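S.K.: One file: input20.pdb (PDB, C-alpha atoms, pLDDT in the B column).
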ATOM      1  CA  MET C  19      -5.700   9.287  10.499  1.00 42.00           C
ATOM      2  CA  ARG C  20      -2.184   9.856   9.197  1.00 46.00           C
ATOM      3  CA  ARG C  21      -1.121   6.397  10.434  1.00 45.00           C
ATOM      4  CA  LEU C  22      -4.031   4.782   8.574  1.00 42.00           C
ATOM      5  CA  ILE C  23      -3.124   6.654   5.414  1.00 43.00           C
ATOM      6  CA  LEU C  24       0.479   5.494   5.717  1.00 44.00           C
ATOM      7  CA  ILE C  25      -0.609   1.891   6.192  1.00 45.00           C
ATOM      8  CA  PHE C  26      -2.899   2.080   3.160  1.00 42.00           C
ATOM      9  CA  VAL C  27      -0.154   3.759   1.145  1.00 42.00           C
ATOM     10  CA  CYS C  28       2.189   0.938   2.070  1.00 46.00           C
ATOM     11  CA  MET C  29      -0.374  -1.662   1.044  1.00 43.00           C
ATOM     12  CA  ALA C  30      -1.091   0.101  -2.247  1.00 44.00           C
ATOM     13  CA  LEU C  31       2.505   0.629  -3.351  1.00 44.00           C
ATOM     14  CA  SER C  32       4.394  -2.088  -5.146  1.00 42.00           C
ATOM     15  CA  GLY C  33       7.568  -3.322  -3.470  1.00 46.00           C
ATOM     16  CA  CYS C  34       6.180  -2.915   0.024  1.00 45.00           C
ATOM     17  CA  GLU C  35       7.839  -6.093   1.234  1.00 48.00           C
ATOM     18  CA  LYS C  36      10.483  -5.803   3.916  1.00 47.00           C
ATOM     19  CA  GLU C  37      13.269  -4.317   1.819  1.00 51.00           C
ATOM     20  CA  SER C  38      15.343  -3.667   4.885  1.00 57.00           C
ATOM     21  CA  THR C  39      14.928  -3.565   8.620  1.00 60.00           C
ATOM     22  CA  LYS C  40      16.859  -1.259  10.929  1.00 65.00           C
ATOM     23  CA  ASN C  41      16.449  -1.450  14.716  1.00 77.00           C
ATOM     24  CA  ASN C  42      12.952  -2.983  14.435  1.00 85.00           C
ATOM     25  CA  PHE C  43      11.882  -0.451  11.801  1.00 89.00           C
ATOM     26  CA  ILE C  44      10.739  -1.470   8.322  1.00 92.00           C
ATOM     27  CA  TYR C  45      11.707   0.585   5.275  1.00 93.00           C
ATOM     28  CA  ILE C  46       8.641   1.725   3.328  1.00 92.00           C
ATOM     29  CA  PRO C  47       9.510   2.938  -0.184  1.00 94.00           C
ATOM     30  CA  GLY C  48       7.934   6.182  -1.321  1.00 94.00           C
ATOM     31  CA  GLY C  49       5.476   6.435  -4.175  1.00 95.00           C
ATOM     32  CA  THR C  50       2.103   7.737  -5.282  1.00 95.00           C
ATOM     33  CA  VAL C  51      -1.301   6.306  -4.386  1.00 90.00           C
ATOM     34  CA  ASP C  52      -4.950   7.222  -4.861  1.00 94.00           C
ATOM     35  CA  ALA C  53      -6.561   7.370  -1.398  1.00 91.00           C
ATOM     36  CA  GLY C  54     -10.198   7.856  -0.481  1.00 91.00           C
ATOM     37  CA  SER C  55     -13.488   6.362  -1.551  1.00 91.00           C
ATOM     38  CA  TYR C  56     -16.386   7.149  -3.827  1.00 88.00           C
ATOM     39  CA  ARG C  57     -18.662   4.852  -1.770  1.00 88.00           C
ATOM     40  CA  GLY C  58     -17.418   5.476   1.764  1.00 82.00           C
ATOM     41  CA  LEU C  59     -18.193   8.101   4.360  1.00 79.00           C
ATOM     42  CA  PRO C  60     -18.546  11.707   3.172  1.00 82.00           C
ATOM     43  CA  SER C  61     -15.241  12.542   4.884  1.00 75.00           C
ATOM     44  CA  GLU C  62     -13.503   9.915   2.692  1.00 85.00           C
ATOM     45  CA  ARG C  63     -14.578  11.590  -0.565  1.00 88.00           C
ATOM     46  CA  PRO C  64     -13.313  12.285  -3.127  1.00 92.00           C
ATOM     47  CA  VAL C  65     -10.449  10.006  -4.088  1.00 94.00           C
ATOM     48  CA  ARG C  66      -7.254  12.059  -4.132  1.00 93.00           C
ATOM     49  CA  ARG C  67      -3.739  11.320  -5.343  1.00 95.00           C
ATOM     50  CA  HIS C  68      -1.049  11.502  -2.647  1.00 93.00           C
ATOM     51  CA  SER C  69       2.719  11.232  -2.923  1.00 95.00           C
ATOM     52  CA  VAL C  70       4.699   9.963   0.045  1.00 91.00           C
ATOM     53  CA  GLU C  71       8.464   9.995   0.528  1.00 94.00           C
ATOM     54  CA  SER C  72      10.202   6.831   1.720  1.00 95.00           C
ATOM     55  CA  PHE C  73      10.139   6.339   5.497  1.00 91.00           C
ATOM     56  CA  TYR C  74      10.698   3.808   8.283  1.00 92.00           C
ATOM     57  CA  MET C  75       7.766   2.402  10.283  1.00 91.00           C
ATOM     58  CA  SER C  76       8.027   0.494  13.545  1.00 89.00           C
ATOM     59  CA  GLU C  77       7.390  -3.238  13.314  1.00 90.00           C
ATOM     60  CA  HIS C  78       5.538  -3.038  16.637  1.00 89.00           C
ATOM     61  CA  PRO C  79       3.026  -0.672  18.247  1.00 89.00           C
ATOM     62  CA  ILE C  80       4.582   2.232  20.151  1.00 86.00           C
ATOM     63  CA  THR C  81       3.219   3.069  23.598  1.00 87.00           C
ATOM     64  CA  VAL C  82       2.573   6.608  24.776  1.00 85.00           C
ATOM     65  CA  GLY C  83       5.448   6.160  27.244  1.00 89.00           C
ATOM     66  CA  GLN C  84       7.836   5.188  24.455  1.00 89.00           C
ATOM     67  CA  PHE C  85       6.665   8.122  22.331  1.00 90.00           C
ATOM     68  CA  ARG C  86       7.116  10.448  25.338  1.00 91.00           C
ATOM     69  CA  GLU C  87      10.724   9.203  25.657  1.00 94.00           C
ATOM     70  CA  PHE C  88      11.262   9.970  21.962  1.00 91.00           C
ATOM     71  CA  ILE C  89       9.751  13.471  22.363  1.00 93.00           C
ATOM     72  CA  THR C  90      11.962  14.171  25.388  1.00 94.00           C
ATOM     73  CA  ALA C  91      15.134  12.874  23.737  1.00 95.00           C
ATOM     74  CA  THR C  92      14.660  14.667  20.399  1.00 95.00           C
ATOM     75  CA  ASN C  93      12.473  17.713  21.199  1.00 95.00           C
ATOM     76  CA  TYR C  94      10.241  16.534  18.340  1.00 94.00           C
ATOM     77  CA  ILE C  95       7.098  18.591  17.741  1.00 94.00           C
ATOM     78  CA  THR C  96       4.183  16.809  16.066  1.00 94.00           C
ATOM     79  CA  GLU C  97       2.093  18.405  13.327  1.00 93.00           C
ATOM     80  CA  ALA C  98      -0.872  18.525  15.723  1.00 93.00           C
ATOM     81  CA  GLU C  99       1.213  20.550  18.170  1.00 93.00           C
ATOM     82  CA  ARG C 100       2.460  22.884  15.416  1.00 95.00           C
ATOM     83  CA  PHE C 101      -1.007  23.405  13.896  1.00 94.00           C
ATOM     84  CA  GLY C 102      -2.907  23.475  17.207  1.00 93.00           C
ATOM     85  CA  ASN C 103      -5.455  20.856  16.158  1.00 92.00           C
ATOM     86  CA  SER C 104      -5.814  17.313  14.866  1.00 91.00           C
ATOM     87  CA  GLY C 105      -8.316  15.072  13.140  1.00 88.00           C
ATOM     88  CA  VAL C 106     -10.405  13.029  15.593  1.00 87.00           C
ATOM     89  CA  PHE C 107     -12.739  10.230  14.540  1.00 84.00           C
ATOM     90  CA  SER C 108     -16.218  10.184  16.091  1.00 82.00           C
ATOM     91  CA  PHE C 109     -17.467   6.591  16.245  1.00 83.00           C
ATOM     92  CA  SER C 110     -20.975   7.733  17.161  1.00 84.00           C
ATOM     93  CA  GLU C 111     -21.181  10.076  14.149  1.00 83.00           C
ATOM     94  CA  GLN C 112     -18.977   7.901  11.893  1.00 82.00           C
ATOM     95  CA  ARG C 113     -16.930  10.864  10.696  1.00 81.00           C
ATOM     96  CA  TRP C 114     -13.675  12.757  11.181  1.00 83.00           C
ATOM     97  CA  TYR C 115     -13.649  16.281  12.602  1.00 86.00           C
ATOM     98  CA  MET C 116     -10.962  18.770  13.608  1.00 89.00           C
ATOM     99  CA  GLN C 117     -10.444  19.098  17.362  1.00 90.00           C
ATOM    100  CA  ASP C 118      -8.581  22.119  18.718  1.00 92.00           C
ATOM    101  CA  ASN C 119      -5.662  21.235  21.013  1.00 91.00           C
ATOM    102  CA  ALA C 120      -5.845  17.503  20.242  1.00 90.00           C
ATOM    103  CA  ASN C 121      -2.365  15.954  20.082  1.00 89.00           C
ATOM    104  CA  TRP C 122      -0.426  12.776  20.808  1.00 86.00           C
ATOM    105  CA  GLU C 123      -0.886  13.147  24.555  1.00 85.00           C
ATOM    106  CA  TYR C 124      -4.559  14.157  24.381  1.00 85.00           C
ATOM    107  CA  PRO C 125      -5.849  12.703  21.090  1.00 84.00           C
ATOM    108  CA  ALA C 126      -9.487  13.612  21.862  1.00 82.00           C
ATOM    109  CA  GLY C 127      -8.585  17.132  23.001  1.00 81.00           C
ATOM    110  CA  PRO C 128      -7.639  18.803  26.272  1.00 77.00           C
ATOM    111  CA  LYS C 129      -8.833  17.459  29.596  1.00 69.00           C
ATOM    112  CA  LYS C 130      -9.809  14.101  28.065  1.00 67.00           C
ATOM    113  CA  THR C 131      -8.571  10.738  29.336  1.00 59.00           C
ATOM    114  CA  LYS C 132      -5.020   9.925  28.314  1.00 55.00           C
ATOM    115  CA  PRO C 133      -4.806   6.661  26.322  1.00 54.00           C
ATOM    116  CA  GLU C 134      -2.287   3.897  26.970  1.00 47.00           C
ATOM    117  CA  MET C 135      -1.484   3.623  23.275  1.00 43.00           C
ATOM    118  CA  ILE C 136      -2.181   5.856  20.299  1.00 50.00           C
ATOM    119  CA  THR C 137      -1.631   5.987  16.575  1.00 45.00           C
ATOM    120  CA  LEU C 138      -0.200   9.008  14.834  1.00 50.00           C
TER     121      LEU C 138
END
Reformat the file's structure so that it appears as structure tokens.
M.R.:
Amino acid sequence: MRRLILIFVCMALSGCEKESTKNNFIYIPGGTVDAGSYRGLPSERPVRRHSVESFYMSEHPITVGQFREFITATNYITEAERFGNSGVFSFSEQRWYMQDNANWEYPAGPKKTKPEMITL
């Protein structure tokens, strides 16, 4: 969900063109955006204002293996690992819900099939 928000934030902010590229990462300038929907799914309501600091986003999808290398090299801990849960989208119910112990390695929760590629 966070990745989708970041993509929408990028699309909504002015100046989102490639300002600079560094090692296949694109600079995304920070700003403020209204995210959500008044006509979408209940989990998308209401529209809320969000501020995002500038960041770099990969030009290409990152595989789980590449992310694992990053985790190993930097000892990075994701928010899902710190909080002990993560938002998971149910396609059958068409809604987001919180799943305990879901994280980058097990995005649907523990003991679920590991994906080949994920979004964060």
S.K.: Could you tell me, as an mmCIF file with C-alpha atoms, keeping the file's coordinate frame, exactly which residues end up selected when the PyMOL selection byres ((chain C and resi 115-123) around 6) is applied to this structure?
M.R.:
data_model
loop_
_atom_site.group_PDB
_atom_site.id
_atom_site.type_symbol
_atom_site.label_atom_id
_atom_site.label_comp_id
_atom_site.auth_asym_id
_atom_site.auth_seq_id
_atom_site.Cartn_x
_atom_site.Cartn_y
_atom_site.Cartn_z
ATOM 1 C CA ALA C 98 -0.872 18.525 15.723
ATOM 2 C CA GLY C 102 -2.907 23.475 17.207
ATOM 3 C CA ASN C 103 -5.455 20.856 16.158
ATOM 4 C CA SER C 104 -5.814 17.313 14.866
ATOM 5 C CA GLY C 105 -8.316 15.072 13.140
ATOM 6 C CA VAL C 106 -10.405 13.029 15.593
ATOM 7 C CA TRP C 114 -13.675 12.757 11.181
ATOM 8 C CA TYR C 124 -4.559 14.157 24.381
ATOM 9 C CA PRO C 125 -5.849 12.703 21.090
ATOM 10 C CA ALA C 126 -9.487 13.612 21.862
ATOM 11 C CA GLY C 127 -8.585 17.132 23.001
#
S.K.: Quote the spacing between CA of Ser69 (chain C) and CA of Asp52 (chain C) in Å to one decimal place.
M.R.: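 Distance between the two atoms: 8.9 Å.
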S.K.: As an exercise, work out the distance from CA of Thr92 (chain C) to CA of Tyr74 (chain C) in Å and give it to one decimal place.
M.R.: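 Atom-to-atom, CA of Thr92 (chain C) to CA of Tyr74 (chain C), that is 16.7 Å.
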S.K.: If we count all atoms listed in the file and set the cut-off at 8 Å, which residues sit around Pro64 (chain C), ignoring sequence neighbours fewer than 5 positions away in its own chain? Please answer as an MDAnalysis selection string.
M.R.: chainID C and resid 54:56
S.K.: Please, what distance in Å, to one decimal, runs between CA of Glu99 (chain C) and CA of Glu71 (chain C)?
M.R.: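 CA of Glu99 (chain C) sits 21.8 Å away from CA of Glu71 (chain C).
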S.K.: Please determine, counting only C-alpha atoms, which residue among C:Arg66, C:Phe73, C:Gln84, C:Pro60 has the shortest atom-to-atom distance to Pro47 (chain C).
M.R.: C:Phe73
